[in-house]
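Enquirer: Here you go, one structure.
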Amino acid sequence: MLQIVRKDIHQNPFYYSNWAILEANLVHPPYEVVILGENFDTIRQAFSQKYLPNVILSGGRREGDMDLHKGKFSEGETMIYVCRDSVCKLPVREFSEAIKQIIK
C-alpha cells in the first residue's frame with residue numbers, strides 16, 4: 001500500500017503525513033529503549049525531558065513478560081538497553097551513556 005501512495009507522499013506530504021511517518025519508520029526504524037531496575041522512573045523521566053521522536057520506552061522495576069525484557073533484569077541495579085529491531089547494544093547504567101548510543 002505504501003508503494004502505491006509513495007509518489008503522492010513526496011509531492012503532497014501535508015496530506016499524507018501518516019503515510020510519511022510509516023515510510024520514515026521503515027527507512028529509519030525507531031530505537032527500543034528498555035529500562036529495568038529500581039531507578040526505572042528516574043531514568044524514564046530523563047528520557048522524557050529530551051525530544052526523541054524515534055525512541056520507544058519500555059521497562060519497569062522488574063523484568064516483565066515482554067520478549068525484549070527477557071534475561072535483562074539484574075538484581076540491585078538499573079540497566080538501560082538501547083535496541084533496534086530487537087537487537088540490543090551493550091547495557092549501560094547511566095542516562096548519558098544511553099543517549100550517546102542513540103545520538104551519534
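Naming scheme: A, B, ... for chains in displayed order of the C-alpha cells; residues 1 onward per chain; ligands 1 onward as shown.
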Return as a PyMOL selection string the full set of residues in chain A whose backbone-based DSSP assignment is strand (DSSP E or B).

Expert: chain A and resi 31-36+55-60+79-84+87-88+92

Enquirer: Just want the 12 Å neighbourhood of region 6-8 of chain A, counted on only C-alpha atoms, with same-chain residues fewer than 4 positions away dropped. Output as a ChimeraX atom specification.

Expert: /A:1-2,12-24

Enquirer: If DSSP is run on the backbone, what residues of chain A are helix (DSSP H, G or I)? A reply as JSON, numbers by chain would be ideal.

Expert: {"A": [2, 3, 4, 5, 6, 7, 8, 9, 10, 11, 13, 14, 15, 17, 18, 19, 20, 21, 22, 23, 24, 25, 26, 27, 40, 41, 42, 43, 44, 45, 46, 47, 48, 67, 68, 69, 95, 96, 97, 98, 99, 100, 101, 102]}

Enquirer: Would you output that residue set with C-alpha atoms, as a PDB file, in the first residue's frame?

Expert:
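So result_0.pdb came out as:
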```pdb
ATOM      1  CA  LEU A   2       2.854   2.366   0.824  1.00  0.00           C
ATOM      2  CA  GLN A   3       4.355   1.815  -2.607  1.00  0.00           C
ATOM      3  CA  ILE A   4       1.072   2.901  -4.230  1.00  0.00           C
ATOM      4  CA  VAL A   5       0.983   6.289  -2.453  1.00  0.00           C
ATOM      5  CA  ARG A   6       4.763   6.915  -2.332  1.00  0.00           C
ATOM      6  CA  LYS A   7       4.703   9.405  -5.239  1.00  0.00           C
ATOM      7  CA  ASP A   8       1.842  11.343  -3.630  1.00  0.00           C
ATOM      8  CA  ILE A   9       3.624  11.387  -0.262  1.00  0.00           C
ATOM      9  CA  HIS A  10       6.604  13.190  -1.738  1.00  0.00           C
ATOM     10  CA  GLN A  11       4.504  15.633  -3.764  1.00  0.00           C
ATOM     11  CA  PRO A  13       3.438  15.499   2.363  1.00  0.00           C
ATOM     12  CA  PHE A  14       0.908  17.607   4.314  1.00  0.00           C
ATOM     13  CA  TYR A  15      -1.951  15.437   3.088  1.00  0.00           C
ATOM     14  CA  SER A  17       1.515  12.680   6.982  1.00  0.00           C
ATOM     15  CA  ASN A  18       0.618   9.258   8.409  1.00  0.00           C
ATOM     16  CA  TRP A  19       1.977   7.549   5.320  1.00  0.00           C
ATOM     17  CA  ALA A  20       5.139   9.664   5.591  1.00  0.00           C
ATOM     18  CA  ILE A  21       5.573   8.549   9.214  1.00  0.00           C
ATOM     19  CA  LEU A  22       5.206   4.920   8.130  1.00  0.00           C
ATOM     20  CA  GLU A  23       7.819   5.391   5.411  1.00  0.00           C
ATOM     21  CA  ALA A  24      10.199   7.099   7.861  1.00  0.00           C
ATOM     22  CA  ASN A  25       9.840   4.233  10.342  1.00  0.00           C
ATOM     23  CA  LEU A  26      10.651   1.709   7.633  1.00  0.00           C
ATOM     24  CA  VAL A  27      13.696   3.652   6.440  1.00  0.00           C
ATOM     25  CA  PHE A  40      13.446   2.976  36.292  1.00  0.00           C
ATOM     26  CA  ASP A  41      11.212   6.001  36.834  1.00  0.00           C
ATOM     27  CA  THR A  42      14.090   8.470  37.313  1.00  0.00           C
ATOM     28  CA  ILE A  43      15.770   7.378  34.082  1.00  0.00           C
ATOM     29  CA  ARG A  44      12.458   7.339  32.203  1.00  0.00           C
ATOM     30  CA  GLN A  45      11.863  10.939  33.288  1.00  0.00           C
ATOM     31  CA  ALA A  46      15.321  11.902  31.999  1.00  0.00           C
ATOM     32  CA  PHE A  47      14.399  10.452  28.595  1.00  0.00           C
ATOM     33  CA  SER A  48      11.097  12.335  28.697  1.00  0.00           C
ATOM     34  CA  ASP A  67      10.328 -10.796  24.913  1.00  0.00           C
ATOM     35  CA  LEU A  68      12.612  -7.770  24.695  1.00  0.00           C
ATOM     36  CA  HIS A  69      12.830  -7.725  28.525  1.00  0.00           C
ATOM     37  CA  PHE A  95      21.233   8.001  31.043  1.00  0.00           C
ATOM     38  CA  SER A  96      24.117   9.959  29.487  1.00  0.00           C
ATOM     39  CA  GLU A  97      25.692   6.748  28.181  1.00  0.00           C
ATOM     40  CA  ALA A  98      22.385   5.539  26.715  1.00  0.00           C
ATOM     41  CA  ILE A  99      21.857   8.849  24.927  1.00  0.00           C
ATOM     42  CA  LYS A 100      25.315   8.506  23.333  1.00  0.00           C
ATOM     43  CA  GLN A 101      24.171   5.198  21.829  1.00  0.00           C
ATOM     44  CA  ILE A 102      21.123   6.904  20.291  1.00  0.00           C
TER      45      ILE A 102
END
```

Enquirer: If I take CA of Gly37 (chain A) and CA of Met66 (chain A), how far is one from the other in Å, to one decimal?

Expert: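 Pair CA of Gly37 (chain A) / CA of Met66 (chain A) returns 15.1 Å.
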
Enquirer: Measure the distance from CA of Leu57 (chain A) to CA of Arg84 (chain A) in Å and round it to one decimal.

Expert: 11.8 Å

Enquirer: Go through region 23-61 of chain A residue by residue and, counting only C-alpha atoms, keep those with an atom at most 12 Å from region 73-76 of chain A; for each kept residue give the shortest atom pair and its distance in Å to one decimal, ordered by chain and increasing number, as a tab-separated table.

Expert:
```
residue	atom	partner	partner_atom	distance
A:Val34	CA	A:Phe73	CA	10.1
A:Ile35	CA	A:Phe73	CA	9.0
A:Leu36	CA	A:Phe73	CA	5.9
A:Gly37	CA	A:Phe73	CA	6.9
A:Glu38	CA	A:Gly76	CA	7.4
A:Asn39	CA	A:Gly76	CA	9.8
A:Phe40	CA	A:Phe73	CA	11.4
A:Gly59	CA	A:Phe73	CA	9.8
A:Gly60	CA	A:Phe73	CA	9.7
A:Arg61	CA	A:Phe73	CA	8.7
```

Enquirer: Of the residues A:Glu63, A:Tyr51, A:Glu94, A:Asp85, which is the one nearest to His28 (chain A), using only C-alpha atoms?

Expert: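 Ranked by minimum distance to His28 (chain A), first place goes to A:Asp85.
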
Enquirer: Env of Asn54 (chain A): 8 Å cut, atoms = only C-alpha atoms, seq-sep filter 3 positions within chain, self excluded. Answer as a ChimeraX atom specification.

Expert: /A:29-31

Enquirer: Out of A:Leu90, A:Lys72, A:Ile103, A:Glu77, which residue has the shortest atom-to-atom distance to Leu52 (chain A) when counting only C-alpha atoms?

Expert: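 Looking at the shortest contact to Leu52 (chain A), the residue is A:Ile103.
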
Enquirer: If I take CA of Pro53 (chain A) and CA of Gly71 (chain A), how far is one from the other in Å, to one decimal?

Expert: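 These atoms are spaced 26.9 Å apart.
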